Every structure is written in structure tokens, then in C-alpha cells.
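start.cif (mmCIF, N, CA and C atoms)
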```cif
data_data
loop_
_atom_site.label_atom_id
_atom_site.label_comp_id
_atom_site.auth_asym_id
_atom_site.auth_seq_id
_atom_site.Cartn_x
_atom_site.Cartn_y
_atom_site.Cartn_z
N MET A 1 76.31 78.68 84.05
CA MET A 1 77.71 78.40 84.38
C MET A 1 78.65 79.17 83.43
N VAL A 2 78.29 79.24 82.18
CA VAL A 2 79.12 79.97 81.21
C VAL A 2 79.14 81.46 81.54
N GLU A 3 77.98 82.00 81.94
CA GLU A 3 77.90 83.42 82.28
C GLU A 3 78.81 83.73 83.46
N LEU A 4 78.82 82.85 84.44
CA LEU A 4 79.65 83.04 85.63
C LEU A 4 81.12 83.07 85.24
N HIS A 5 81.50 82.17 84.35
CA HIS A 5 82.88 82.10 83.91
C HIS A 5 83.28 83.38 83.19
N LEU A 6 82.40 83.90 82.32
CA LEU A 6 82.71 85.12 81.58
C LEU A 6 82.84 86.31 82.52
N SER A 7 81.95 86.40 83.50
CA SER A 7 82.00 87.54 84.42
C SER A 7 83.27 87.48 85.27
N SER A 8 83.64 86.29 85.72
CA SER A 8 84.85 86.17 86.55
C SER A 8 86.08 86.48 85.70
N LYS A 9 86.00 86.16 84.42
CA LYS A 9 87.12 86.44 83.51
C LYS A 9 87.31 87.94 83.37
N LYS A 10 86.19 88.69 83.37
CA LYS A 10 86.26 90.14 83.26
C LYS A 10 86.76 90.78 84.56
N VAL A 11 86.35 90.20 85.67
CA VAL A 11 86.69 90.77 86.98
C VAL A 11 88.13 90.46 87.38
N PHE A 12 88.61 89.30 86.99
CA PHE A 12 89.92 88.85 87.44
C PHE A 12 91.08 89.81 87.15
N PRO A 13 91.23 90.34 85.93
CA PRO A 13 92.36 91.24 85.66
C PRO A 13 92.39 92.42 86.62
N HIS A 14 91.22 92.97 86.94
CA HIS A 14 91.16 94.11 87.87
C HIS A 14 91.66 93.68 89.25
N ASN A 15 91.19 92.54 89.72
CA ASN A 15 91.63 92.03 91.03
C ASN A 15 93.12 91.77 91.02
N TYR A 16 93.61 91.25 89.90
CA TYR A 16 95.04 90.94 89.78
C TYR A 16 95.88 92.20 89.89
N HIS A 17 95.45 93.25 89.18
CA HIS A 17 96.20 94.51 89.23
C HIS A 17 96.12 95.14 90.62
N ALA A 18 94.97 95.04 91.26
CA ALA A 18 94.81 95.57 92.61
C ALA A 18 95.74 94.82 93.56
N PHE A 19 95.80 93.50 93.38
CA PHE A 19 96.66 92.66 94.21
C PHE A 19 98.13 93.06 94.04
N LYS A 20 98.53 93.27 92.77
CA LYS A 20 99.90 93.68 92.49
C LYS A 20 100.18 95.03 93.13
N GLY A 21 99.21 95.93 93.09
CA GLY A 21 99.39 97.25 93.69
C GLY A 21 99.59 97.15 95.18
N VAL A 22 98.82 96.28 95.82
CA VAL A 22 98.94 96.09 97.27
C VAL A 22 100.30 95.51 97.62
N LYS A 23 100.75 94.53 96.82
CA LYS A 23 102.05 93.93 97.09
C LYS A 23 103.16 94.96 96.93
N ARG A 24 103.02 95.85 95.95
CA ARG A 24 104.03 96.87 95.73
C ARG A 24 104.06 97.83 96.92
N LEU A 25 102.89 98.19 97.44
CA LEU A 25 102.83 99.07 98.60
C LEU A 25 103.48 98.40 99.80
N GLU A 26 103.21 97.11 99.98
CA GLU A 26 103.80 96.38 101.10
C GLU A 26 105.32 96.34 100.97
N ASN A 27 105.79 96.14 99.74
CA ASN A 27 107.24 96.08 99.52
C ASN A 27 107.90 97.41 99.84
N THR A 28 107.31 98.54 99.40
CA THR A 28 107.92 99.84 99.66
C THR A 28 107.87 100.15 101.14
N HIS A 29 106.79 99.75 101.81
CA HIS A 29 106.69 99.98 103.25
C HIS A 29 107.75 99.17 103.98
N PHE A 30 107.94 97.94 103.55
CA PHE A 30 108.94 97.05 104.15
C PHE A 30 110.34 97.62 103.95
N LEU A 31 110.62 98.12 102.74
CA LEU A 31 111.94 98.68 102.45
C LEU A 31 112.19 99.92 103.28
N SER A 32 111.18 100.78 103.41
CA SER A 32 111.36 102.00 104.21
C SER A 32 111.57 101.64 105.67
N HIS A 33 110.90 100.58 106.12
CA HIS A 33 111.07 100.12 107.50
C HIS A 33 112.51 99.63 107.71
N LEU A 34 113.01 98.86 106.75
CA LEU A 34 114.39 98.39 106.85
C LEU A 34 115.36 99.56 106.86
N LEU A 35 115.07 100.56 106.03
CA LEU A 35 115.93 101.73 105.94
C LEU A 35 115.97 102.46 107.28
N HIS A 36 114.80 102.63 107.89
CA HIS A 36 114.74 103.31 109.20
C HIS A 36 115.49 102.51 110.27
N VAL A 37 115.33 101.20 110.24
CA VAL A 37 116.03 100.35 111.20
C VAL A 37 117.53 100.46 110.99
N GLY A 38 117.95 100.44 109.73
CA GLY A 38 119.37 100.55 109.40
C GLY A 38 119.94 101.88 109.87
N LEU A 39 119.21 102.97 109.65
CA LEU A 39 119.66 104.28 110.08
C LEU A 39 119.72 104.34 111.59
N GLY A 40 118.75 103.72 112.26
CA GLY A 40 118.72 103.71 113.72
C GLY A 40 119.91 102.97 114.29
N LEU A 41 120.30 101.88 113.65
CA LEU A 41 121.43 101.09 114.14
C LEU A 41 122.74 101.84 113.90
N ARG A 42 122.81 102.60 112.80
CA ARG A 42 124.05 103.28 112.44
C ARG A 42 124.33 104.44 113.39
N SER A 43 123.29 105.14 113.81
CA SER A 43 123.51 106.35 114.64
C SER A 43 123.90 105.99 116.07
#
```
As C-alpha cells:
Amino acid sequence: MVELHLSSKKVFPHNYHAFKGVKRLENTHFLSHLLHVGLGLRS
């Protein structure tokens, strides 16, 4: 049980950073989508 905890502790930071990276990509995609919609409405 202790070994499992240590291994998950090592793996977690990597998963956390990957998760943050994915969220950042989603946010930029969402913003670009809003920008395109805004430009489409303006023209």
C-alpha cells in the first residue's frame, strides 16, 4: 500500500501539468472560436 502511494505521488504532478496544458488548449480554442463568431457577426 505504501509503494502504491509513493508511485501515485510521483505520477500525479505529471498528470496535473498535462491536465493544465489541456485546459489551456481548450481555453485558447474557445477564445479563438468566440473571436471568429464575433468577427462573423460584425461583417
| Hey, can you check how far atom C of Asn15 of chain A sits from atom N of Leu34 of chain A? | 26.3 Å
| message | What does the structure give for the distance between atom N of Leu41 of chain A and atom CA of Arg24 of chain A, in Å to one decimal? | response |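 One can read the atom N of Leu41 of chain A to atom CA of Arg24 of chain A distance as 24.7 Å.
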Write out as lines of an AutoDock Vina configuration file an axis-aligned box for segment 19-30 of chain A: all of its atoms listed in the file, 4 Å added on each side, centre and edge lengths in Å with one decimal.
```
center_x = 103.1
center_y = 96.4
center_z = 98.3
size_x = 22.5
size_y = 15.5
size_z = 19.7
```
| message | What does the structure give for the distance between atom C of Phe30 of chain A and atom N of His17 of chain A, in Å to one decimal? | response |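 Calculated distance between atom C of Phe30 of chain A and atom N of His17 of chain A is 21.4 Å.
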